[in-house]
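File shown: structure07.tsv. Contents: TSV, C-alpha atoms.
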chain	number	residue	atom	x	y	z
G	1	MET	CA	146.22	115.80	121.81
G	2	LYS	CA	143.52	115.43	119.17
G	3	ARG	CA	140.94	117.04	121.45
G	4	SER	CA	143.28	119.97	122.10
G	5	SER	CA	143.89	120.42	118.38
G	6	ASN	CA	140.16	120.44	117.69
G	7	ALA	CA	139.63	123.04	120.40
G	8	ILE	CA	142.30	125.25	118.85
G	9	ASP	CA	140.76	124.84	115.39
G	10	HIS	CA	137.37	125.80	116.80
G	11	ARG	CA	138.76	128.93	118.44
G	12	VAL	CA	140.52	129.92	115.22
G	13	ARG	CA	137.33	129.38	113.21
G	14	VAL	CA	135.23	131.39	115.66
G	15	GLY	CA	137.83	134.16	115.67
G	16	ARG	CA	137.82	134.37	111.89
G	17	GLN	CA	134.03	134.48	111.78
G	18	ARG	CA	133.97	137.27	114.36
G	19	SER	CA	136.61	139.18	112.40
G	20	ALA	CA	134.62	138.78	109.16
G	21	ARG	CA	131.47	140.09	110.86
G	22	THR	CA	133.34	143.10	112.20
G	23	GLU	CA	134.85	143.81	108.79
G	24	SER	CA	131.42	143.55	107.21
G	25	ARG	CA	130.06	145.97	109.79
G	26	ILE	CA	132.76	148.52	108.99
G	27	VAL	CA	132.24	148.23	105.23
G	28	GLU	CA	128.45	148.50	105.48
G	29	ALA	CA	128.88	151.64	107.59
G	30	ALA	CA	131.43	152.96	105.08
G	31	LEU	CA	128.90	152.54	102.28
G	32	ARG	CA	126.57	154.97	104.03
G	33	VAL	CA	129.34	157.43	104.92
G	34	PHE	CA	130.83	157.52	101.41
G	35	ALA	CA	127.35	157.78	99.88
G	36	GLU	CA	126.58	160.88	101.93
G	37	ARG	CA	129.98	162.59	102.00
G	38	GLY	CA	131.88	161.32	98.98
G	39	PRO	CA	135.31	159.65	98.82
G	40	ASP	CA	137.46	162.61	99.91
G	41	ALA	CA	135.75	164.27	102.90
G	42	PRO	CA	135.42	161.44	105.48
G	43	VAL	CA	138.07	160.74	108.13
G	44	ILE	CA	138.67	157.63	110.23
G	45	ASP	CA	136.49	158.86	113.09
G	46	ASP	CA	133.48	159.07	110.74
G	47	PHE	CA	133.70	155.34	110.02
G	48	VAL	CA	134.49	154.40	113.61
G	49	LYS	CA	131.40	156.26	114.81
G	50	ALA	CA	129.13	154.92	112.04
G	51	ALA	CA	130.23	151.32	112.62
G	52	GLY	CA	130.27	151.57	116.41
G	53	VAL	CA	133.79	150.18	116.74
G	54	ALA	CA	137.01	151.34	118.39
G	55	ARG	CA	139.79	152.98	116.38
G	56	GLY	CA	142.06	150.05	117.16
G	57	THR	CA	139.45	147.66	115.78
G	58	PHE	CA	139.27	149.70	112.59
G	59	TYR	CA	143.04	149.49	112.12
G	60	ASN	CA	142.93	145.74	112.68
G	61	HIS	CA	141.06	145.55	109.38
G	62	PHE	CA	142.08	148.54	107.25
G	63	THR	CA	145.15	150.75	107.04
G	64	GLY	CA	143.14	153.88	106.30
G	65	VAL	CA	140.37	155.55	104.33
G	66	GLU	CA	141.82	154.71	100.91
G	67	GLU	CA	141.96	150.98	101.58
G	68	LEU	CA	138.45	151.05	103.04
G	69	LEU	CA	137.20	152.89	99.96
G	70	GLN	CA	138.70	150.24	97.69
G	71	ALA	CA	137.15	147.42	99.72
G	72	THR	CA	133.75	149.10	99.82
G	73	SER	CA	133.90	149.85	96.11
G	74	ALA	CA	134.76	146.24	95.28
G	75	TRP	CA	132.02	144.85	97.50
G	76	THR	CA	129.25	147.10	96.21
G	77	THR	CA	130.09	147.54	92.53
G	78	ARG	CA	132.37	144.92	91.04
G	79	ALA	CA	130.50	142.06	92.67
G	80	MET	CA	127.25	143.50	91.35
G	81	LEU	CA	128.58	143.74	87.80
G	82	GLN	CA	129.79	140.15	88.01
G	83	SER	CA	126.34	139.10	89.20
G	84	ILE	CA	124.77	140.86	86.23
G	85	GLU	CA	127.14	139.11	83.85
G	86	GLU	CA	126.21	135.75	85.39
G	87	THR	CA	122.48	136.33	84.91
G	88	ILE	CA	122.84	137.21	81.22
G	89	ALA	CA	125.56	134.69	80.34
G	90	GLY	CA	123.19	132.27	78.59
G	91	ILE	CA	121.53	134.91	76.40
G	92	GLU	CA	122.47	134.93	72.72
G	93	GLY	CA	123.98	138.05	71.18
G	94	PRO	CA	126.49	140.51	72.69
G	95	ALA	CA	124.38	143.61	72.01
G	96	LEU	CA	121.36	142.01	73.70
G	97	ARG	CA	123.45	140.92	76.69
G	98	PHE	CA	125.05	144.34	77.01
G	99	GLY	CA	121.70	146.12	76.82
G	100	LEU	CA	120.11	143.80	79.37
G	101	GLY	CA	123.10	144.39	81.63
G	102	LEU	CA	122.45	148.12	81.48
G	103	ARG	CA	118.80	147.57	82.34
G	104	GLN	CA	119.77	145.35	85.28
G	105	PHE	CA	122.21	147.97	86.51
G	106	PHE	CA	119.58	150.71	86.50
G	107	VAL	CA	117.05	148.43	88.20
G	108	ARG	CA	119.58	147.76	90.95
G	109	ALA	CA	120.23	151.47	91.31
G	110	GLN	CA	116.53	152.30	91.64
G	111	ARG	CA	116.04	149.63	94.30
G	112	ASP	CA	118.75	151.04	96.56
G	113	PRO	CA	119.27	154.84	96.64
G	114	VAL	CA	122.19	154.59	99.10
G	115	TRP	CA	123.99	152.21	96.73
G	116	SER	CA	123.24	154.62	93.88
G	117	ARG	CA	124.70	157.61	95.71
G	118	PHE	CA	127.80	155.63	96.60
G	119	VAL	CA	128.32	154.47	93.01
G	120	ALA	CA	127.85	157.98	91.63
G	121	ARG	CA	130.28	159.50	94.13
G	122	VAL	CA	133.10	156.95	93.85
G	123	TRP	CA	132.97	156.43	90.08
G	124	LYS	CA	135.74	159.01	89.64
G	125	VAL	CA	138.15	156.82	91.63
G	126	GLY	CA	137.60	153.83	89.36
G	127	GLY	CA	134.72	152.17	91.17
G	128	LEU	CA	133.00	150.84	88.05
G	129	GLU	CA	133.78	149.14	84.80
G	130	LEU	CA	131.68	148.21	81.80
G	131	PRO	CA	131.41	144.52	80.80
G	132	VAL	CA	134.01	144.84	78.05
G	133	ARG	CA	133.73	141.33	76.62
G	134	ASP	CA	130.22	141.89	75.24
G	135	LEU	CA	131.08	145.47	74.31
G	136	ASP	CA	134.12	144.38	72.29
G	137	GLU	CA	132.21	141.60	70.55
G	138	ALA	CA	129.26	143.83	69.68
G	139	ILE	CA	131.65	146.39	68.17
G	140	ARG	CA	133.53	143.70	66.24
G	141	LEU	CA	130.29	142.31	64.78
G	142	GLY	CA	129.03	145.76	63.85
G	143	HIS	CA	126.12	145.65	66.30
G	144	PHE	CA	127.53	148.79	67.91
G	145	ARG	CA	128.88	151.09	65.23
G	146	VAL	CA	131.55	153.00	67.15
G	147	PRO	CA	135.32	153.07	66.49
G	148	GLY	CA	136.33	151.05	69.55
G	149	ARG	CA	135.99	150.25	73.25
G	150	GLU	CA	137.63	153.44	74.53
G	151	VAL	CA	135.26	155.64	72.54
G	152	ALA	CA	132.26	153.65	73.75
G	153	GLN	CA	133.34	153.81	77.39
G	154	ASP	CA	134.05	157.54	77.29
G	155	LEU	CA	130.71	158.08	75.58
G	156	LEU	CA	128.73	156.16	78.20
G	157	PHE	CA	130.51	156.77	81.51
G	158	GLY	CA	129.46	160.37	82.04
G	159	GLY	CA	125.81	159.82	81.19
G	160	ILE	CA	125.46	156.68	83.30
G	161	ARG	CA	127.20	158.29	86.26
G	162	GLU	CA	124.86	161.28	86.19
G	163	ALA	CA	121.87	158.98	85.75
G	164	VAL	CA	122.84	156.95	88.82
G	165	HIS	CA	123.30	160.18	90.79
G	166	ARG	CA	119.84	161.33	89.74
G	167	ILE	CA	118.39	157.97	90.77
G	168	GLY	CA	120.09	158.25	94.16
G	169	GLU	CA	118.48	161.64	94.68
G	170	GLY	CA	115.04	160.15	93.98
G	171	ARG	CA	114.37	162.43	91.02
G	172	VAL	CA	113.31	159.83	88.44
G	173	GLY	CA	110.26	157.79	87.49
G	174	PRO	CA	109.97	153.99	87.19
G	175	SER	CA	110.70	153.98	83.44
G	176	PHE	CA	113.90	156.02	83.77
G	177	GLY	CA	116.21	153.00	83.61
G	178	ASP	CA	114.77	151.75	80.33
G	179	GLN	CA	114.86	155.26	78.92
G	180	MET	CA	118.55	155.56	79.81
G	181	THR	CA	119.26	152.14	78.33
G	182	GLU	CA	117.62	153.18	75.08
G	183	ILE	CA	119.64	156.41	74.93
G	184	CYS	CA	122.89	154.55	75.66
G	185	LEU	CA	122.26	152.04	72.87
G	186	GLN	CA	121.36	154.84	70.49
G	187	ALA	CA	124.64	156.55	71.38
G	188	LEU	CA	126.44	153.31	70.45
G	189	ARG	CA	124.57	153.48	67.12
G	190	ALA	CA	122.80	150.17	67.62
G	191	GLU	CA	120.10	149.38	65.08
G	192	PRO	CA	116.52	150.18	66.21
G	193	ARG	CA	115.54	146.50	66.04
G	194	ARG	CA	118.33	145.58	68.46
G	195	ILE	CA	117.30	148.34	70.86
G	196	ALA	CA	113.68	147.18	70.67
G	197	ALA	CA	114.78	143.60	71.43
G	198	VAL	CA	116.63	144.75	74.56
G	199	LEU	CA	113.65	146.72	75.86
G	200	ALA	CA	111.15	143.94	75.09
G	201	HIS	CA	113.21	141.13	76.65
G	202	GLU	CA	112.20	139.85	80.08
G	203	LEU	CA	114.88	140.69	82.62
G	204	PRO	CA	116.54	137.67	84.25
G	205	ALA	CA	116.22	137.53	88.04
G	206	LEU	CA	119.12	139.33	89.67
G	207	ALA	CA	118.28	140.03	93.31
G	208	GLU	CA	118.76	136.51	94.70
G	209	ARG	CA	122.08	135.96	92.94
G	210	ALA	CA	123.32	139.39	93.96
G	211	SER	CA	122.34	138.77	97.55
G	212	ARG	CA	124.24	135.49	97.69
G	213	ARG	CA	127.32	137.06	96.13
G	214	ALA	CA	127.19	140.02	98.51
G	215	ALA	CA	126.99	137.62	101.45
G	216	ARG	CA	130.06	135.78	100.21
G	217	GLY	CA	131.83	139.09	99.73
G	218	ARG	CA	131.10	140.20	103.28
G	219	ALA	CA	132.61	136.98	104.57
G	220	SER	CA	135.90	137.45	102.69
G	221	LEU	CA	136.56	141.11	102.07
G	222	ALA	CA	140.32	140.58	102.28
G	223	GLY	CA	140.16	139.22	98.75
G	224	TRP	CA	138.54	142.47	97.61
G	225	GLY	CA	141.06	144.84	99.12
G	226	GLY	CA	140.83	144.41	102.87
G	227	ARG	CA	143.90	143.47	104.87
G	228	ASN	CA	145.04	139.87	104.73
G	229	ARG	CA	145.27	138.50	108.23

When written as structure tokens, how does the structure in this file appear?
Amino acid sequence: MKRSSNAIDHRVRVGRQRSARTESRIVEAALRVFAERGPDAPVIDDFVKAAGVARGTFYNHFTGVEELLQATSAWTTRAMLQSIEETIAGIEGPALRFGLGLRQFFVRAQRDPVWSRFVARVWKVGGLELPVRDLDEAIRLGHFRVPGREVAQDLLFGGIREAVHRIGEGRVGPSFGDQMTEICLQALRAEPRRIAAVLAHELPALAERASRRAARGRASLAGWGGRNR
């Protein structure tokens, strides 16, 4: 009886691993499709073809394009922002942390043009958020001299989105990210000394942490918007 139970557990475990790999394959293909065509144009057959799976397999994991978009958005953007927040968590000062987070974000965008195009195209459906904790604290302390979070977000979203789109098109130089960070902090009316501190600070390592988080995300996309099975 015990041997039979172990065999069943093994089959269940193998089945779940296979399902997670298939789901990862679909989402990785979706990243490329959404990056090239945007969130509205693709249909199910586009993702089926890009992932090399059957339509039935697709529907075993996602109910449709909208759910796939949400899962892909969560995997590629929210996890990245959480990784950025983890790398800067031990740094003193909300304005410094926020500025370094912007620099990290632009570095990530320049390393991966496909990711950049995806982020720029899906932003309008709520794919990204700013790290509001540091933003709120910096405003409260007077480090950012704007009326409130909503004003700051509205001020920054459009510029950052267009910057990421430009990065995805390969139309920027290596210093573009720092230039955008400086402009964003100026728009928030940060003092010049705080802006200088952000630009002079060594960036914490992000790639390894982000890679580990992405791997965990691929193994459990149901928690990010995929179907619970």

Discussion item. My list of candidates is G:Leu81, G:Ala120, G:Val132, G:Val146. Which is closest to Gly159 in chain G when distances are computed with only C-alpha atoms?
Written reply: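 Of G:Leu81, G:Ala120, G:Val132, G:Val146, the one nearest Gly159 in chain G, counting only C-alpha atoms, is G:Ala120.
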
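Near Arg166 in chain G, within 9 Å and counting all atoms listed in the file, sit Ser116, Arg117, Ala120 and Val172 of chain G, not including residues fewer than 6 positions from it in the same chain.
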
Fill in: Polymer residues at most 10 Å from Asp136 in chain G, all atoms listed in the file, same-chain spacing of 4 or more positions, as a PyMOL selection string
chain G and resi 94-95+131-132+140-142+144+148-150+152

Residues within 10 Å of (132.0, 151.7, 112.7), file coords, only C-alpha atoms, listed as a tab-separated table (two decimals) with C-alpha atoms, in the coordinates of the input:
chain	number	residue	atom	x	y	z
G	22	THR	CA	133.34	143.10	112.20
G	23	GLU	CA	134.85	143.81	108.79
G	24	SER	CA	131.42	143.55	107.21
G	25	ARG	CA	130.06	145.97	109.79
G	26	ILE	CA	132.76	148.52	108.99
G	27	VAL	CA	132.24	148.23	105.23
G	28	GLU	CA	128.45	148.50	105.48
G	29	ALA	CA	128.88	151.64	107.59
G	30	ALA	CA	131.43	152.96	105.08
G	44	ILE	CA	138.67	157.63	110.23
G	45	ASP	CA	136.49	158.86	113.09
G	46	ASP	CA	133.48	159.07	110.74
G	47	PHE	CA	133.70	155.34	110.02
G	48	VAL	CA	134.49	154.40	113.61
G	49	LYS	CA	131.40	156.26	114.81
G	50	ALA	CA	129.13	154.92	112.04
G	51	ALA	CA	130.23	151.32	112.62
G	52	GLY	CA	130.27	151.57	116.41
G	53	VAL	CA	133.79	150.18	116.74
G	54	ALA	CA	137.01	151.34	118.39
G	55	ARG	CA	139.79	152.98	116.38
G	57	THR	CA	139.45	147.66	115.78
G	58	PHE	CA	139.27	149.70	112.59

Worksheet item: Looking at G:Ala190, G:Cys184, G:Val33, G:Ala200, which one is nearest to Asp154 in chain G, with distances taken over all atoms listed in the file?
Response: G:Cys184

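With all atoms listed in the file as the atoms that count, the residue of G:Ile88, G:Ala41, G:Ile139, G:Met80 with the shortest distance to Val65 in chain G is G:Ala41.
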
Worksheet item: Counting all atoms listed in the file, what is within 10 Å of Pro204 in chain G, bar same-chain residues fewer than 3 positions away, as a PyMOL selection string?
Response: chain G and resi 84+86-88+91+100-101+104+201+207

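Residues with any atom within 12 Å of Ile195 in chain G, counting only C-alpha atoms and excluding same-chain neighbours fewer than 3 positions away, are G:Ala95, G:Leu96, G:Arg97, G:Phe98, G:Gly99, G:Leu100, G:Leu102, G:Arg103, G:His143, G:Phe144, G:Asp178, G:Gln179, G:Met180, G:Thr181, G:Glu182, G:Ile183, G:Cys184, G:Leu185, G:Gln186, G:Ala187, G:Leu188, G:Arg189, G:Ala190, G:Glu191, G:Pro192, G:Val198, G:Leu199, G:Ala200, G:His201.
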
Worksheet item: CA of Pro147 in chain G to CA of Arg193 in chain G: how many Å, to one decimal?
Response: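 The value is 20.8 Å.
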
Worksheet entry | Two-atom distance - CA of Val114 in chain G, CA of Arg32 in chain G (Å) |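 For CA of Val114 in chain G relative to CA of Arg32 in chain G, the distance reads 6.6 Å.
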
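Counting from CA of Thr77 in chain G, the distance to CA of Ile160 in chain G is 13.8 Å.
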